[in-house]
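Comments concern the structure below.
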Amino acid sequence: MDEGRGDIRDTGTPRHEMATDGVPIRSAATILLVADRPDLQVLTLRRTDASTFVAGHTLFPGGAVDDGDHDPRWPSLVTGLTAVEAAERLGVADGLGYWTAAVRVAVGTTDPALAARMVAHRHDLEAGTVGLADLVHDGATTLELSGIHAVARWVTPMPSIKRYDTYFFVAAVDPDVQPVVDGREAVHAEWCTPIDVLERWRDGQLTMISPTIAMFQRLASYGTAAGVLAAAAAGGPARRARILDDSTTPVRFEGDPGFDETGTRESFGWMWLPAGDRPDPTTGWA
């Protein structure tokens, strides 16, 4: 029941109040994996050109929330976060499912032992006969969620062949982790500084959409992974984003220069990761 709303955190317009055009809005999770290498860097992926959604775009690990993420065993298989706390922090009835989805899509870089079990059971996982909860349960282990924080929410606007209601999370990982892509959905992975990605996007060397752009802008205001995690843990009020173009212009939030610029419009994006001490490098960009 991911359309239910909690009464603690305001994370934007409830899904059931959003206009639709017949394309269902699916629940999804994306995770920003950060590390000091030695500067603050974030793991980025490039989606295959054959994808039916954001083909060839630069983005973060993510995916749709599936049935296994709602497995009733999860509350007893995780530590550092209860189902009630997860619901309160996201304002949705089954918030824990978003957290488990975020871990699932990033498990290759956050838990090598569990990743190895996933590889061993890859065909069963793809067939749906085995779920991540089964591997965690059978391995007599738990998932530690206290270091994974929700920081934003973005909903795909109309018109689109696919629409997602995506919560964005952030977590720190070992800086020596070397990511591996599956070659199907993602064809390239690399560690990048936020400013490097933004400059390459500005220069037309890569393509992103506004949710990804906004997250890189916010990360660029921090100097260390510890700073990002501390701010994410503290949180702040959810601020709605305004955009001029979905893929070619920076995203602006209340208080930013250009927030009320002619032609900008409200997006279905909300951020509650506070800005860091460093200025937004995109200020003044067209």
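Lettering and numbering for the structure tokens are positional, with chains as A, B, ... in the shown order, residues counted from 1 in each chain, and ligands counted from 1 in the shown order.
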
Which parts of stretch 7-165 of chain A does DSSP call strand (DSSP E) when run on the backbone here, written out as a PyMOL selection string? chain A and resi 25-36+40-47+58-59+62-64+78-79+143-144+149-155+163-165

Using only C-alpha atoms, determine which residues lie at most 10 Å from stretch 145-149 of chain A, disregarding the query and same-chain residues fewer than 2 positions distant; provide the list as a PyMOL selection string. chain A and resi 31-33+78-82+86+89+96+99-100+102-103+142-143+151-152+168-173+229-235+273

Deliver the residues from the most recent selection as a file, using N, CA and C atoms, as a compact mmCIF listing (two decimals), in the first residue's frame.
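The file below, selection.txt, is the result:
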# COMPACT_ATOMS: atom_id res chain seq x y z
N ILE A 31 19.74 5.16 -5.13
CA ILE A 31 20.68 5.38 -4.04
C ILE A 31 21.95 6.05 -4.53
N LEU A 32 22.35 7.09 -3.80
CA LEU A 32 23.59 7.82 -4.07
C LEU A 32 24.66 7.24 -3.15
N LEU A 33 25.64 6.56 -3.73
CA LEU A 33 26.73 5.96 -2.97
C LEU A 33 27.92 6.90 -3.01
N VAL A 78 16.13 -6.69 9.25
CA VAL A 78 16.90 -5.46 9.19
C VAL A 78 17.15 -4.93 10.59
N THR A 79 18.21 -4.15 10.72
CA THR A 79 18.51 -3.46 11.98
C THR A 79 18.75 -1.99 11.67
N GLY A 80 18.62 -1.16 12.69
CA GLY A 80 18.89 0.27 12.51
C GLY A 80 17.70 1.06 12.02
N LEU A 81 16.60 0.41 11.71
CA LEU A 81 15.40 1.09 11.22
C LEU A 81 14.21 0.15 11.36
N THR A 82 13.15 0.65 11.97
CA THR A 82 11.95 -0.16 12.09
C THR A 82 10.98 0.18 10.97
N ALA A 86 10.44 3.84 9.16
CA ALA A 86 10.55 4.00 7.72
C ALA A 86 9.31 4.67 7.15
N ARG A 89 9.36 8.38 8.07
CA ARG A 89 10.37 9.19 7.38
C ARG A 89 10.03 9.45 5.92
N LEU A 96 9.43 0.86 4.41
CA LEU A 96 10.56 -0.06 4.50
C LEU A 96 10.85 -0.70 3.15
N TRP A 99 13.45 1.22 1.30
CA TRP A 99 14.80 1.00 1.83
C TRP A 99 15.36 -0.32 1.32
N THR A 100 14.57 -1.40 1.38
CA THR A 100 15.09 -2.69 0.94
C THR A 100 15.35 -2.69 -0.55
N ALA A 102 16.38 -0.05 -2.24
CA ALA A 102 17.63 0.70 -2.40
C ALA A 102 18.83 -0.19 -2.10
N VAL A 103 18.73 -1.00 -1.05
CA VAL A 103 19.82 -1.92 -0.72
C VAL A 103 20.00 -2.95 -1.83
N THR A 142 21.56 -10.02 8.79
CA THR A 142 20.58 -8.93 8.72
C THR A 142 21.17 -7.80 7.88
N LEU A 143 20.31 -6.92 7.43
CA LEU A 143 20.73 -5.73 6.72
C LEU A 143 20.74 -4.56 7.69
N VAL A 151 16.63 11.28 1.12
CA VAL A 151 16.97 12.69 0.97
C VAL A 151 16.11 13.44 -0.05
N ALA A 152 15.35 12.73 -0.88
CA ALA A 152 14.57 13.42 -1.90
C ALA A 152 13.53 12.48 -2.48
N PHE A 168 14.90 8.96 -3.19
CA PHE A 168 16.36 8.95 -3.31
C PHE A 168 16.98 8.81 -1.94
N PHE A 169 17.98 7.94 -1.86
CA PHE A 169 18.68 7.67 -0.61
C PHE A 169 20.16 7.96 -0.79
N VAL A 170 20.87 8.13 0.31
CA VAL A 170 22.31 8.31 0.27
C VAL A 170 22.96 7.41 1.31
N ALA A 171 24.12 6.86 0.96
CA ALA A 171 24.89 6.00 1.88
C ALA A 171 26.36 6.11 1.53
N ALA A 172 27.21 5.94 2.51
CA ALA A 172 28.66 5.95 2.29
C ALA A 172 29.14 4.51 2.11
N VAL A 173 30.11 4.33 1.22
CA VAL A 173 30.70 3.01 0.99
C VAL A 173 32.21 3.12 1.03
N LEU A 229 26.46 12.67 4.90
CA LEU A 229 25.71 11.74 5.75
C LEU A 229 25.16 12.44 6.98
N ALA A 230 25.94 13.34 7.58
CA ALA A 230 25.46 14.05 8.76
C ALA A 230 24.25 14.92 8.42
N ALA A 231 24.33 15.61 7.28
CA ALA A 231 23.21 16.46 6.86
C ALA A 231 21.99 15.61 6.50
N ALA A 232 22.23 14.47 5.86
CA ALA A 232 21.12 13.59 5.49
C ALA A 232 20.43 13.03 6.72
N ALA A 233 21.21 12.70 7.75
CA ALA A 233 20.63 12.18 8.98
C ALA A 233 19.79 13.24 9.69
N ALA A 234 20.24 14.49 9.64
CA ALA A 234 19.50 15.57 10.28
C ALA A 234 18.27 15.96 9.47
N GLY A 235 18.43 15.98 8.15
CA GLY A 235 17.31 16.34 7.27
C GLY A 235 16.92 17.79 7.39
N LEU A 273 17.42 17.11 1.69
CA LEU A 273 18.83 17.17 2.06
C LEU A 273 19.25 18.63 2.05

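Using only C-alpha atoms, the contacts of A:Thr249 at a cut-off of 9 Å, with sequence neighbours closer than 3 positions omitted, comprise Arg202, Ser210, Ile213, Ile243, Leu244, Asp245, Asp246, Trp285 and Ala286 of chain A.
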
Find the spatial neighbours of A:Leu132, counting only C-alpha atoms, within a cut-off of 12 Å - ignore same-chain residues fewer than 2 positions away - and output them as an mmCIF file with N, CA and C atoms, in the first residue's frame.
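Result file selection.cif:
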data_model
loop_
_atom_site.group_PDB
_atom_site.id
_atom_site.type_symbol
_atom_site.label_atom_id
_atom_site.label_comp_id
_atom_site.auth_asym_id
_atom_site.auth_seq_id
_atom_site.Cartn_x
_atom_site.Cartn_y
_atom_site.Cartn_z
ATOM 1 N N ASP A 66 9.889 -3.998 -5.994
ATOM 2 C CA ASP A 66 9.160 -5.186 -6.437
ATOM 3 C C ASP A 66 8.497 -5.893 -5.261
ATOM 4 N N ASP A 67 7.788 -6.965 -5.558
ATOM 5 C CA ASP A 67 7.032 -7.667 -4.516
ATOM 6 C C ASP A 67 7.938 -8.154 -3.387
ATOM 7 N N GLY A 68 9.151 -8.578 -3.748
ATOM 8 C CA GLY A 68 10.063 -9.073 -2.727
ATOM 9 C C GLY A 68 10.487 -8.026 -1.725
ATOM 10 N N ASP A 69 10.415 -6.749 -2.128
ATOM 11 C CA ASP A 69 10.777 -5.668 -1.206
ATOM 12 C C ASP A 69 9.708 -5.455 -0.144
ATOM 13 N N HIS A 70 8.540 -6.054 -0.359
ATOM 14 C CA HIS A 70 7.456 -5.978 0.626
ATOM 15 C C HIS A 70 7.305 -7.285 1.405
ATOM 16 N N ASP A 71 8.304 -8.157 1.311
ATOM 17 C CA ASP A 71 8.248 -9.440 2.017
ATOM 18 C C ASP A 71 7.979 -9.181 3.499
ATOM 19 N N ARG A 73 8.780 -10.651 6.016
ATOM 20 C CA ARG A 73 9.890 -10.993 6.911
ATOM 21 C C ARG A 73 10.865 -9.839 7.097
ATOM 22 N N TRP A 74 10.823 -8.837 6.226
ATOM 23 C CA TRP A 74 11.845 -7.797 6.261
ATOM 24 C C TRP A 74 11.981 -7.100 7.619
ATOM 25 N N LEU A 77 14.468 -8.804 9.508
ATOM 26 C CA LEU A 77 15.738 -9.067 8.832
ATOM 27 C C LEU A 77 16.598 -7.823 8.706
ATOM 28 N N GLY A 97 9.826 -0.895 2.318
ATOM 29 C CA GLY A 97 10.031 -1.489 1.001
ATOM 30 C C GLY A 97 10.951 -0.664 0.122
ATOM 31 N N THR A 100 14.575 -1.403 1.383
ATOM 32 C CA THR A 100 15.087 -2.694 0.942
ATOM 33 C C THR A 100 15.353 -2.692 -0.554
ATOM 34 N N ALA A 101 14.555 -1.956 -1.327
ATOM 35 C CA ALA A 101 14.808 -1.846 -2.762
ATOM 36 C C ALA A 101 16.123 -1.120 -3.012
ATOM 37 N N ALA A 102 16.380 -0.051 -2.243
ATOM 38 C CA ALA A 102 17.629 0.702 -2.402
ATOM 39 C C ALA A 102 18.830 -0.191 -2.098
ATOM 40 N N VAL A 103 18.730 -0.998 -1.054
ATOM 41 C CA VAL A 103 19.823 -1.917 -0.724
ATOM 42 C C VAL A 103 19.995 -2.948 -1.826
ATOM 43 N N ARG A 104 18.892 -3.469 -2.327
ATOM 44 C CA ARG A 104 18.956 -4.515 -3.355
ATOM 45 C C ARG A 104 19.708 -4.039 -4.603
ATOM 46 N N VAL A 105 19.425 -2.812 -5.051
ATOM 47 C CA VAL A 105 20.066 -2.344 -6.281
ATOM 48 C C VAL A 105 21.524 -1.969 -6.062
ATOM 49 N N VAL A 107 23.528 -3.620 -3.598
ATOM 50 C CA VAL A 107 24.144 -4.605 -2.713
ATOM 51 C C VAL A 107 25.522 -5.031 -3.205
ATOM 52 N N LEU A 114 26.894 -10.795 0.533
ATOM 53 C CA LEU A 114 25.530 -10.965 0.050
ATOM 54 C C LEU A 114 25.499 -10.875 -1.472
ATOM 55 N N ALA A 115 26.330 -10.022 -2.040
ATOM 56 C CA ALA A 115 26.396 -9.914 -3.498
ATOM 57 C C ALA A 115 26.816 -11.240 -4.116
ATOM 58 N N ALA A 116 27.756 -11.931 -3.479
ATOM 59 C CA ALA A 116 28.205 -13.220 -3.996
ATOM 60 C C ALA A 116 27.067 -14.234 -3.992
ATOM 61 N N ARG A 117 26.246 -14.208 -2.949
ATOM 62 C CA ARG A 117 25.102 -15.121 -2.908
ATOM 63 C C ARG A 117 24.090 -14.754 -3.989
ATOM 64 N N MET A 118 23.942 -13.454 -4.269
ATOM 65 C CA MET A 118 23.030 -13.046 -5.323
ATOM 66 C C MET A 118 23.507 -13.540 -6.687
ATOM 67 N N VAL A 119 24.826 -13.469 -6.912
ATOM 68 C CA VAL A 119 25.367 -13.969 -8.174
ATOM 69 C C VAL A 119 25.118 -15.468 -8.294
ATOM 70 N N HIS A 121 22.756 -17.146 -7.131
ATOM 71 C CA HIS A 121 21.328 -17.434 -7.316
ATOM 72 C C HIS A 121 20.714 -16.516 -8.375
ATOM 73 N N ARG A 122 21.559 -16.004 -9.288
ATOM 74 C CA ARG A 122 21.091 -14.989 -10.239
ATOM 75 C C ARG A 122 19.873 -15.460 -11.025
ATOM 76 N N ASP A 124 17.632 -17.769 -10.333
ATOM 77 C CA ASP A 124 16.450 -17.888 -9.471
ATOM 78 C C ASP A 124 15.896 -16.516 -9.114
ATOM 79 N N LEU A 125 16.799 -15.555 -8.877
ATOM 80 C CA LEU A 125 16.354 -14.199 -8.569
ATOM 81 C C LEU A 125 15.619 -13.593 -9.763
ATOM 82 N N GLU A 126 16.163 -13.775 -10.959
ATOM 83 C CA GLU A 126 15.533 -13.234 -12.153
ATOM 84 C C GLU A 126 14.191 -13.900 -12.423
ATOM 85 N N GLY A 128 12.236 -15.004 -10.142
ATOM 86 C CA GLY A 128 11.306 -14.688 -9.071
ATOM 87 C C GLY A 128 11.053 -15.833 -8.118
ATOM 88 N N THR A 129 11.818 -16.905 -8.242
ATOM 89 C CA THR A 129 11.620 -18.041 -7.340
ATOM 90 C C THR A 129 12.381 -17.872 -6.031
ATOM 91 N N VAL A 130 13.336 -16.939 -6.025
ATOM 92 C CA VAL A 130 14.099 -16.610 -4.816
ATOM 93 C C VAL A 130 14.156 -15.094 -4.714
ATOM 94 N N ASP A 134 15.028 -14.026 1.068
ATOM 95 C CA ASP A 134 15.392 -15.432 1.251
ATOM 96 C C ASP A 134 16.888 -15.577 1.497
ATOM 97 N N LEU A 135 17.697 -14.831 0.716
ATOM 98 C CA LEU A 135 19.149 -14.938 0.860
ATOM 99 C C LEU A 135 19.608 -14.390 2.197
ATOM 100 N N VAL A 136 19.015 -13.298 2.634
ATOM 101 C CA VAL A 136 19.374 -12.737 3.936
ATOM 102 C C VAL A 136 18.977 -13.699 5.053
ATOM 103 N N HIS A 137 17.767 -14.229 4.956
ATOM 104 C CA HIS A 137 17.272 -15.157 5.973
ATOM 105 C C HIS A 137 18.113 -16.432 6.012
ATOM 106 N N ASP A 138 18.368 -17.004 4.838
ATOM 107 C CA ASP A 138 19.116 -18.262 4.793
ATOM 108 C C ASP A 138 20.571 -18.073 5.189
ATOM 109 N N GLY A 139 21.087 -16.862 5.042
ATOM 110 C CA GLY A 139 22.457 -16.585 5.431
ATOM 111 C C GLY A 139 22.598 -16.220 6.890
ATOM 112 N N THR A 141 21.776 -13.625 8.521
ATOM 113 C CA THR A 141 22.329 -12.300 8.691
ATOM 114 C C THR A 141 21.212 -11.268 8.682
ATOM 115 N N THR A 142 21.561 -10.015 8.787
ATOM 116 C CA THR A 142 20.581 -8.927 8.722
ATOM 117 C C THR A 142 21.167 -7.802 7.877
ATOM 118 N N LEU A 143 20.307 -6.922 7.427
ATOM 119 C CA LEU A 143 20.735 -5.726 6.716
ATOM 120 C C LEU A 143 20.743 -4.556 7.690
#

Quick one: of A:Pro279, A:Gly63, A:Pro194, A:Gly255, who's nearest to A:Gln41, counting only C-alpha atoms?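 The shortest atom-to-atom distance to A:Gln41 comes from A:Pro194.
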
DSSP on the backbone: what in stretch 94-144 of chain A comes out alpha helix (DSSP H), as an NGL selection string? :A and (95-110 or 112-120 or 122-127 or 132-138)

Export of the given selection (C-alpha atoms) as an mmCIF file, in the first residue's frame:
data_model
loop_
_atom_site.group_PDB
_atom_site.id
_atom_site.type_symbol
_atom_site.label_atom_id
_atom_site.label_comp_id
_atom_site.auth_asym_id
_atom_site.auth_seq_id
_atom_site.Cartn_x
_atom_site.Cartn_y
_atom_site.Cartn_z
ATOM 1 C CA GLY A 95 8.324 2.875 3.616
ATOM 2 C CA LEU A 96 10.555 -0.063 4.497
ATOM 3 C CA GLY A 97 10.031 -1.489 1.001
ATOM 4 C CA TYR A 98 11.828 1.525 -0.483
ATOM 5 C CA TRP A 99 14.799 1.000 1.827
ATOM 6 C CA THR A 100 15.087 -2.694 0.942
ATOM 7 C CA ALA A 101 14.808 -1.846 -2.762
ATOM 8 C CA ALA A 102 17.629 0.702 -2.402
ATOM 9 C CA VAL A 103 19.823 -1.917 -0.724
ATOM 10 C CA ARG A 104 18.956 -4.515 -3.355
ATOM 11 C CA VAL A 105 20.066 -2.344 -6.281
ATOM 12 C CA ALA A 106 23.302 -1.384 -4.511
ATOM 13 C CA VAL A 107 24.144 -4.605 -2.713
ATOM 14 C CA GLY A 108 27.077 -5.317 -5.023
ATOM 15 C CA THR A 109 28.939 -2.369 -3.540
ATOM 16 C CA THR A 110 27.637 -2.372 0.031
ATOM 17 C CA PRO A 112 30.192 -8.239 -0.990
ATOM 18 C CA ALA A 113 29.213 -11.450 0.791
ATOM 19 C CA LEU A 114 25.530 -10.965 0.050
ATOM 20 C CA ALA A 115 26.396 -9.914 -3.498
ATOM 21 C CA ALA A 116 28.205 -13.220 -3.996
ATOM 22 C CA ARG A 117 25.102 -15.121 -2.908
ATOM 23 C CA MET A 118 23.030 -13.046 -5.323
ATOM 24 C CA VAL A 119 25.367 -13.969 -8.174
ATOM 25 C CA ALA A 120 25.133 -17.632 -7.231
ATOM 26 C CA ARG A 122 21.091 -14.989 -10.239
ATOM 27 C CA HIS A 123 18.797 -17.160 -12.374
ATOM 28 C CA ASP A 124 16.450 -17.888 -9.471
ATOM 29 C CA LEU A 125 16.354 -14.199 -8.569
ATOM 30 C CA GLU A 126 15.533 -13.234 -12.153
ATOM 31 C CA ALA A 127 12.836 -15.909 -12.314
ATOM 32 C CA LEU A 132 16.703 -11.044 -1.477
ATOM 33 C CA ALA A 133 14.854 -11.689 1.782
ATOM 34 C CA ASP A 134 15.392 -15.432 1.251
ATOM 35 C CA LEU A 135 19.149 -14.938 0.860
ATOM 36 C CA VAL A 136 19.374 -12.737 3.936
ATOM 37 C CA HIS A 137 17.272 -15.157 5.973
ATOM 38 C CA ASP A 138 19.116 -18.262 4.793
#
